[in-house]
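Right, one structure below, let's go through it.
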Amino acid sequence: MATDWLGSIVSINCGESLGVYQGRVSAVDQVSQTISLTRPFHNGVKCLVPEVTFRAGDITELKILEIPGPGDSRQCGDSQQMETGIPGVGCQVGPSQNGTGKVLKKPTSSSAPQNIPRRTDMKSQDIVISPQQQCSKSYMDRHMETLTQSKGFRRRHNSWSSSSRHPNQVTPKKSGLKNGQMKSKDDECFGDDIDEIPDTDFDFEGNLALFDKAAVFEEIETYERRSGTRSRGTPNEKPARYRHDENILESEPIVYRRIVVPQNPHKEFCTDSGLVVPSVSYELHKKLLSVAEKHGLTLERRLEMTGVCASQMALSLLGGPNRLNPKNVHQRPTVALLCGPHVKGAQGISCGRHLSNHDVHVILFLPNFVKMLESITNELNLFSKTQGQQVSSVKDLPDTPVDLVINCLDCHENAFLRDQPWYKAVVDWANQNRAPVLSIDPPISEMELGIDAKWSLALGLPLPLGERAGRVYLCDIGIPQKVFQEVGINYHSPFGCKFVIPLHST
């Protein structure tokens, strides 16, 4: 009776602690109530021992995976066990000479979209066997019932003595709960029968053709127009991109024209951020400075503020920190400062003092006059305390090009100075020198400009300067907002975090 089981491929479930074993039955001992499997697999992994013996009390469930037929009890299972590593699963038996073998039908290839078979449980799969195996199945069932109902071949609650073990019995080690969970995951992932896997490749192109993307997106857009909602998946919509200096939070609309002058400006400028800065006439600019001086912004304060802003701009034009550092002492920049005997000249002297304090070689040109303005006298007294050089003749100016020329010769009112010999000589020197020119508070009339400037620095609000003034910059000289309102200017500061900003022609 027990010899009828030999050669069968079975699956023995020993519970969650011991796991599942598969193999070919090599021996069944009814006396000791043991069953032995050759070439066993434990939870899908081949065991290191050639044979494993189980007691009846350790067996929770026993399944018959394959019953050997006549003449093939050692061929099908063993060959497949060596090739696939999973005993008894997916063995294909071709038709024998007597036509009683199992035949597997291959699915026919088709270009139509295919349905992928869903994963099924290994426990619920039916085994197709040959006619001879079908005949012997009823005989096997009777012996199976006899074996399971025999003494000790029941459940693990039956007690066994240690002396009843088979000499060749190997007790599998307990792998714990994790192996059981891993086995269930392996069965779920790799438990499909290979007979159900189609031989033909999946038709991706055919299935993709069934999806009409244009129709789906049109339906989404129609729904959004009706409901008033917006979807993030709309292909025609591009997400907004912001710069590092832009605010992503919604705020009030930006008002770019925040400075309004009482007269129609002849020329308008704009800052880097887009704020509009209108120009003012010389009369309005003069009135603004007069009202500011009446409220406490004296000439000395204005000269000091203008000198600081002009020196900051000049230091940037000279190279900034790349040029002015302790490692570049041998590259000390040279600046030629051309000043006239007026307030504009005093502003230039103040700028030269700050430049000299920052280790810049300053050569100040100022013509000799019997009587000087008090502001010029005070600024010259401070400049003499620096390392700067003062000259009164054009012959003492450098013959070689300097790094920068600061022009403070021209004045808004005293146009007769342009006829003086010293003025013409200095203008000729500056035009022959190939250094760039920075003009501080240049006059409006281009006819009064004897030197073409590359940059011009305006004070407070710009004047309608022409093309010969070069690129216009604006500096903050500290005029309060209510002073602007007193002269009829609606003013909001365009400087932001800076004291000198560039202006662009609109």
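Simple scheme: letters A, B, ... for chains in structure tokens order, numbers from 1 for residues in each chain, numbers from 1 for ligands in the order shown.
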Near range 487-501 of chain A, counting only C-alpha atoms, which residues have an atom at most 10 Å away, once you skip same-chain residues fewer than 3 positions from it, shown as a VMD selection string?
chain A and resid 256 to 263 270 to 277 280 284 to 285 287 to 288 291 to 292 305 308 to 310 312 to 313 457 to 460 472 to 478 480 to 484
Using DSSP on the backbone coordinates, identify the residues of range 242-431 of chain A assigned to alpha helix (DSSP H); present them as a ChimeraX atom specification.
/A:282-294,299-317,343-357,374-383,421-431
If I take CA of Val335 in chain A and CA of Asn431 in chain A, how far is one from the other in Å, to one decimal?
15.1 Å
Taking the backbone alone, and naming residues the way the document does, which bits of range 370-462 of chain A are strand (DSSP E) by DSSP, as a PyMOL selection string?
chain A and resi 389-391+404-408+437-440+455-459
Can you spit out the residues from that selection as a PDB file, in the first residue's frame, using N, CA and C atoms?
```pdb
ATOM      1  N   GLN A 389      46.678 114.957  -3.753  1.00  0.00           N
ATOM      2  CA  GLN A 389      47.559 115.970  -4.347  1.00  0.00           C
ATOM      3  C   GLN A 389      46.709 117.047  -5.011  1.00  0.00           C
ATOM      4  N   GLN A 390      47.013 118.311  -4.720  1.00  0.00           N
ATOM      5  CA  GLN A 390      46.284 119.429  -5.312  1.00  0.00           C
ATOM      6  C   GLN A 390      47.203 120.191  -6.253  1.00  0.00           C
ATOM      7  N   VAL A 391      46.684 120.465  -7.490  1.00  0.00           N
ATOM      8  CA  VAL A 391      47.433 121.221  -8.502  1.00  0.00           C
ATOM      9  C   VAL A 391      46.528 122.321  -9.024  1.00  0.00           C
ATOM     10  N   LEU A 404      40.340 107.088 -13.816  1.00  0.00           N
ATOM     11  CA  LEU A 404      39.018 107.729 -13.870  1.00  0.00           C
ATOM     12  C   LEU A 404      39.201 109.228 -13.782  1.00  0.00           C
ATOM     13  N   VAL A 405      38.359 109.954 -14.532  1.00  0.00           N
ATOM     14  CA  VAL A 405      38.306 111.416 -14.485  1.00  0.00           C
ATOM     15  C   VAL A 405      36.944 111.813 -13.950  1.00  0.00           C
ATOM     16  N   ILE A 406      36.920 112.610 -12.885  1.00  0.00           N
ATOM     17  CA  ILE A 406      35.668 113.112 -12.309  1.00  0.00           C
ATOM     18  C   ILE A 406      35.562 114.588 -12.676  1.00  0.00           C
ATOM     19  N   ASN A 407      34.500 114.913 -13.419  1.00  0.00           N
ATOM     20  CA  ASN A 407      34.328 116.255 -13.966  1.00  0.00           C
ATOM     21  C   ASN A 407      33.371 117.052 -13.091  1.00  0.00           C
ATOM     22  N   CYS A 408      33.880 118.130 -12.499  1.00  0.00           N
ATOM     23  CA  CYS A 408      33.061 119.086 -11.744  1.00  0.00           C
ATOM     24  C   CYS A 408      33.369 120.512 -12.198  1.00  0.00           C
ATOM     25  N   VAL A 437      35.031 109.139 -18.020  1.00  0.00           N
ATOM     26  CA  VAL A 437      34.687 110.374 -17.311  1.00  0.00           C
ATOM     27  C   VAL A 437      33.379 110.163 -16.556  1.00  0.00           C
ATOM     28  N   LEU A 438      33.391 110.548 -15.267  1.00  0.00           N
ATOM     29  CA  LEU A 438      32.199 110.594 -14.431  1.00  0.00           C
ATOM     30  C   LEU A 438      31.890 112.055 -14.145  1.00  0.00           C
ATOM     31  N   SER A 439      30.701 112.510 -14.522  1.00  0.00           N
ATOM     32  CA  SER A 439      30.290 113.900 -14.319  1.00  0.00           C
ATOM     33  C   SER A 439      29.290 113.958 -13.162  1.00  0.00           C
ATOM     34  N   ILE A 440      29.551 114.870 -12.197  1.00  0.00           N
ATOM     35  CA  ILE A 440      28.678 115.029 -11.033  1.00  0.00           C
ATOM     36  C   ILE A 440      27.792 116.246 -11.242  1.00  0.00           C
ATOM     37  N   TRP A 455      29.431 108.471 -17.564  1.00  0.00           N
ATOM     38  CA  TRP A 455      28.414 108.349 -16.533  1.00  0.00           C
ATOM     39  C   TRP A 455      28.139 109.742 -15.975  1.00  0.00           C
ATOM     40  N   SER A 456      26.896 109.956 -15.531  1.00  0.00           N
ATOM     41  CA  SER A 456      26.508 111.212 -14.889  1.00  0.00           C
ATOM     42  C   SER A 456      25.715 110.889 -13.644  1.00  0.00           C
ATOM     43  N   LEU A 457      25.991 111.652 -12.577  1.00  0.00           N
ATOM     44  CA  LEU A 457      25.324 111.439 -11.289  1.00  0.00           C
ATOM     45  C   LEU A 457      24.425 112.629 -11.001  1.00  0.00           C
ATOM     46  N   ALA A 458      23.100 112.355 -10.927  1.00  0.00           N
ATOM     47  CA  ALA A 458      22.112 113.381 -10.609  1.00  0.00           C
ATOM     48  C   ALA A 458      21.803 113.342  -9.124  1.00  0.00           C
ATOM     49  N   LEU A 459      21.318 114.478  -8.590  1.00  0.00           N
ATOM     50  CA  LEU A 459      21.071 114.621  -7.156  1.00  0.00           C
ATOM     51  C   LEU A 459      19.581 114.742  -6.894  1.00  0.00           C
TER      52      LEU A 459
END
```
Surrounding residues of Arg332 in chain A excluding itself and chain neighbours under 2 positions, 12 Å, only C-alpha atoms, as a PyMOL selection string:
chain A and resi 315+318-320+322-330+334-335+355-356+358-362+402-403
Write the selection just made, keeping N, CA and C atoms, as an mmCIF file, in the first residue's frame?
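Once written, selection.cif looks like this:
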```cif
data_model
loop_
_atom_site.group_PDB
_atom_site.id
_atom_site.type_symbol
_atom_site.label_atom_id
_atom_site.label_comp_id
_atom_site.auth_asym_id
_atom_site.auth_seq_id
_atom_site.Cartn_x
_atom_site.Cartn_y
_atom_site.Cartn_z
ATOM 1 N N LEU A 315 34.209 104.278 -6.548
ATOM 2 C CA LEU A 315 34.895 103.063 -6.084
ATOM 3 C C LEU A 315 34.387 101.830 -6.824
ATOM 4 N N LEU A 318 35.919 101.820 -10.261
ATOM 5 C CA LEU A 318 37.347 101.505 -10.233
ATOM 6 C C LEU A 318 37.637 100.022 -10.023
ATOM 7 N N GLY A 319 36.626 99.228 -9.735
ATOM 8 C CA GLY A 319 36.829 97.795 -9.554
ATOM 9 C C GLY A 319 36.314 97.247 -8.259
ATOM 10 N N GLY A 320 35.926 98.113 -7.326
ATOM 11 C CA GLY A 320 35.353 97.649 -6.078
ATOM 12 C C GLY A 320 36.336 96.806 -5.261
ATOM 13 N N ASN A 322 37.600 93.925 -5.842
ATOM 14 C CA ASN A 322 38.611 93.217 -6.619
ATOM 15 C C ASN A 322 39.858 94.070 -6.848
ATOM 16 N N ARG A 323 39.670 95.371 -6.836
ATOM 17 C CA ARG A 323 40.802 96.272 -7.072
ATOM 18 C C ARG A 323 41.349 96.837 -5.770
ATOM 19 N N LEU A 324 40.462 97.158 -4.869
ATOM 20 C CA LEU A 324 40.875 97.809 -3.625
ATOM 21 C C LEU A 324 40.906 96.782 -2.498
ATOM 22 N N ASN A 325 42.016 96.082 -2.360
ATOM 23 C CA ASN A 325 42.232 95.165 -1.254
ATOM 24 C C ASN A 325 43.717 95.157 -0.918
ATOM 25 N N PRO A 326 44.096 94.683 0.259
ATOM 26 C CA PRO A 326 45.506 94.748 0.680
ATOM 27 C C PRO A 326 46.464 93.997 -0.242
ATOM 28 N N LYS A 327 45.992 93.015 -0.997
ATOM 29 C CA LYS A 327 46.880 92.248 -1.868
ATOM 30 C C LYS A 327 47.214 92.994 -3.157
ATOM 31 N N ASN A 328 46.487 94.084 -3.460
ATOM 32 C CA ASN A 328 46.708 94.827 -4.704
ATOM 33 C C ASN A 328 47.209 96.242 -4.413
ATOM 34 N N VAL A 329 48.151 96.341 -3.467
ATOM 35 C CA VAL A 329 48.692 97.653 -3.143
ATOM 36 C C VAL A 329 49.463 98.229 -4.332
ATOM 37 N N HIS A 330 50.065 97.348 -5.126
ATOM 38 C CA HIS A 330 50.833 97.826 -6.280
ATOM 39 C C HIS A 330 49.921 98.328 -7.403
ATOM 40 N N THR A 334 44.360 105.611 -9.768
ATOM 41 C CA THR A 334 44.597 107.052 -9.826
ATOM 42 C C THR A 334 43.366 107.733 -10.416
ATOM 43 N N VAL A 335 42.904 108.793 -9.747
ATOM 44 C CA VAL A 335 41.712 109.547 -10.162
ATOM 45 C C VAL A 335 42.107 111.004 -10.318
ATOM 46 N N LEU A 355 37.539 109.513 -1.452
ATOM 47 C CA LEU A 355 38.318 108.580 -2.261
ATOM 48 C C LEU A 355 39.739 108.440 -1.719
ATOM 49 N N SER A 356 40.324 109.535 -1.303
ATOM 50 C CA SER A 356 41.664 109.467 -0.741
ATOM 51 C C SER A 356 41.684 108.686 0.563
ATOM 52 N N HIS A 358 40.040 106.131 1.100
ATOM 53 C CA HIS A 358 39.944 104.711 0.715
ATOM 54 C C HIS A 358 41.152 104.278 -0.116
ATOM 55 N N ASP A 359 42.282 104.936 0.105
ATOM 56 C CA ASP A 359 43.564 104.538 -0.490
ATOM 57 C C ASP A 359 43.555 104.674 -2.014
ATOM 58 N N VAL A 360 42.886 105.699 -2.512
ATOM 59 C CA VAL A 360 42.898 106.012 -3.944
ATOM 60 C C VAL A 360 43.793 107.231 -4.142
ATOM 61 N N HIS A 361 44.661 107.186 -5.143
ATOM 62 C CA HIS A 361 45.541 108.322 -5.449
ATOM 63 C C HIS A 361 44.721 109.381 -6.191
ATOM 64 N N VAL A 362 44.454 110.493 -5.512
ATOM 65 C CA VAL A 362 43.600 111.558 -6.049
ATOM 66 C C VAL A 362 44.466 112.756 -6.402
ATOM 67 N N VAL A 402 44.788 108.098 -16.745
ATOM 68 C CA VAL A 402 44.457 107.735 -15.368
ATOM 69 C C VAL A 402 43.318 106.722 -15.391
ATOM 70 N N ASP A 403 42.969 106.222 -14.226
ATOM 71 C CA ASP A 403 41.883 105.234 -14.156
ATOM 72 C C ASP A 403 40.507 105.877 -14.311
#
```
Residue neighbourhood Arg468 in chain A, 9 Å, only C-alpha atoms, exclusion window fewer than 3 positions, as a PDB file with all heavy atoms, in the first residue's frame:
```pdb
ATOM      1  N   GLU A 446      23.568 120.981 -23.420  1.00  0.00           N
ATOM      2  CA  GLU A 446      24.705 120.224 -23.918  1.00  0.00           C
ATOM      3  C   GLU A 446      25.773 121.143 -24.493  1.00  0.00           C
ATOM      4  O   GLU A 446      26.925 120.727 -24.647  1.00  0.00           O
ATOM      5  CB  GLU A 446      24.243 119.230 -24.985  1.00  0.00           C
ATOM      6  CG  GLU A 446      23.341 118.129 -24.433  1.00  0.00           C
ATOM      7  CD  GLU A 446      23.054 117.072 -25.474  1.00  0.00           C
ATOM      8  OE1 GLU A 446      23.536 117.252 -26.616  1.00  0.00           O
ATOM      9  OE2 GLU A 446      22.375 116.093 -25.147  1.00  0.00           O
ATOM     10  N   LEU A 449      28.589 121.582 -22.045  1.00  0.00           N
ATOM     11  CA  LEU A 449      29.396 120.416 -21.719  1.00  0.00           C
ATOM     12  C   LEU A 449      30.604 120.380 -22.649  1.00  0.00           C
ATOM     13  O   LEU A 449      30.473 120.103 -23.843  1.00  0.00           O
ATOM     14  CB  LEU A 449      28.571 119.123 -21.852  1.00  0.00           C
ATOM     15  CG  LEU A 449      27.419 118.967 -20.859  1.00  0.00           C
ATOM     16  CD1 LEU A 449      26.653 117.689 -21.150  1.00  0.00           C
ATOM     17  CD2 LEU A 449      27.939 118.956 -19.429  1.00  0.00           C
ATOM     18  N   ILE A 451      33.193 118.344 -21.978  1.00  0.00           N
ATOM     19  CA  ILE A 451      33.749 116.990 -21.867  1.00  0.00           C
ATOM     20  C   ILE A 451      32.609 115.992 -21.950  1.00  0.00           C
ATOM     21  O   ILE A 451      31.620 116.100 -21.208  1.00  0.00           O
ATOM     22  CB  ILE A 451      34.521 116.821 -20.542  1.00  0.00           C
ATOM     23  CG1 ILE A 451      35.618 117.889 -20.426  1.00  0.00           C
ATOM     24  CG2 ILE A 451      35.133 115.438 -20.450  1.00  0.00           C
ATOM     25  CD1 ILE A 451      36.327 117.884 -19.088  1.00  0.00           C
ATOM     26  N   ASP A 452      32.745 115.056 -22.853  1.00  0.00           N
ATOM     27  CA  ASP A 452      31.731 114.002 -22.956  1.00  0.00           C
ATOM     28  C   ASP A 452      31.916 113.015 -21.806  1.00  0.00           C
ATOM     29  O   ASP A 452      33.027 112.524 -21.555  1.00  0.00           O
ATOM     30  CB  ASP A 452      31.856 113.271 -24.288  1.00  0.00           C
ATOM     31  CG  ASP A 452      31.476 114.163 -25.459  1.00  0.00           C
ATOM     32  OD1 ASP A 452      30.752 115.147 -25.222  1.00  0.00           O
ATOM     33  OD2 ASP A 452      31.915 113.887 -26.594  1.00  0.00           O
ATOM     34  N   ALA A 453      30.825 112.737 -21.125  1.00  0.00           N
ATOM     35  CA  ALA A 453      30.871 111.852 -19.953  1.00  0.00           C
ATOM     36  C   ALA A 453      30.358 110.462 -20.317  1.00  0.00           C
ATOM     37  O   ALA A 453      29.487 110.305 -21.182  1.00  0.00           O
ATOM     38  CB  ALA A 453      30.042 112.440 -18.815  1.00  0.00           C
ATOM     39  N   LYS A 454      30.894 109.491 -19.637  1.00  0.00           N
ATOM     40  CA  LYS A 454      30.393 108.118 -19.772  1.00  0.00           C
ATOM     41  C   LYS A 454      29.302 107.840 -18.750  1.00  0.00           C
ATOM     42  O   LYS A 454      28.378 107.076 -19.016  1.00  0.00           O
ATOM     43  CB  LYS A 454      31.543 107.131 -19.598  1.00  0.00           C
ATOM     44  CG  LYS A 454      31.172 105.695 -19.910  1.00  0.00           C
ATOM     45  CD  LYS A 454      32.382 104.775 -19.870  1.00  0.00           C
ATOM     46  CE  LYS A 454      31.988 103.348 -20.230  1.00  0.00           C
ATOM     47  NZ  LYS A 454      33.156 102.423 -20.216  1.00  0.00           N
ATOM     48  N   LEU A 465      18.662 115.468 -18.932  1.00  0.00           N
ATOM     49  CA  LEU A 465      20.000 115.457 -19.522  1.00  0.00           C
ATOM     50  C   LEU A 465      19.968 114.871 -20.923  1.00  0.00           C
ATOM     51  O   LEU A 465      19.102 114.039 -21.252  1.00  0.00           O
ATOM     52  CB  LEU A 465      20.955 114.658 -18.630  1.00  0.00           C
ATOM     53  CG  LEU A 465      21.099 115.174 -17.187  1.00  0.00           C
ATOM     54  CD1 LEU A 465      21.991 114.237 -16.387  1.00  0.00           C
ATOM     55  CD2 LEU A 465      21.648 116.583 -17.181  1.00  0.00           C
ATOM     56  N   ARG A 471      25.369 107.538 -19.337  1.00  0.00           N
ATOM     57  CA  ARG A 471      24.383 106.803 -18.548  1.00  0.00           C
ATOM     58  C   ARG A 471      24.141 107.542 -17.242  1.00  0.00           C
ATOM     59  O   ARG A 471      25.094 107.900 -16.530  1.00  0.00           O
ATOM     60  CB  ARG A 471      24.866 105.387 -18.259  1.00  0.00           C
ATOM     61  CG  ARG A 471      23.829 104.520 -17.563  1.00  0.00           C
ATOM     62  CD  ARG A 471      24.274 103.089 -17.449  1.00  0.00           C
ATOM     63  NE  ARG A 471      23.237 102.270 -16.843  1.00  0.00           N
ATOM     64  CZ  ARG A 471      23.362 100.975 -16.580  1.00  0.00           C
ATOM     65  NH1 ARG A 471      24.496 100.347 -16.890  1.00  0.00           N
ATOM     66  NH2 ARG A 471      22.371 100.302 -16.039  1.00  0.00           N
TER      67      ARG A 471
END
```
Quick one: pull the distance between CA of Glu300 in chain A and CA of Ser375 in chain A, Å, one decimal.
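Interatomic distance here is 7.4 Å.
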Could you name the residues that touch Gly345 in chain A at 12 Å or less, counting only C-alpha atoms, but leaving out those on the same chain fewer than 3 positions away, as a PyMOL selection string?
chain A and resi 303+306-307+337-342+348-352+364-367+372-377+379-380+406-412+439-442
Of the listed residues A:His266, A:Lys395, A:His244, A:His42, that which approaches Ser505 in chain A most closely, counting only C-alpha atoms:
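Of all the options, A:His266 lies closest to Ser505 in chain A.
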In Å, how far is it from CA of Ile67 in chain A to CA of Ser8 in chain A?
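About the pair CA of Ile67 in chain A and CA of Ser8 in chain A: they are 4.9 Å apart.
With only C-alpha atoms as the atoms that count, the minimum distance from Ser392 in chain A to the choices A:Asn368, A:Asn378, A:Gln432, A:Ser11 is reached by A:Asn368.
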With a distance cut-off of 10 Å and only C-alpha atoms, select the neighbouring residues of Lys63 in chain A, excluding the residue or stretch itself and same-chain residues fewer than 6 positions from it, and output the selection as number ranges by chain.
A: 9-13, 22, 123
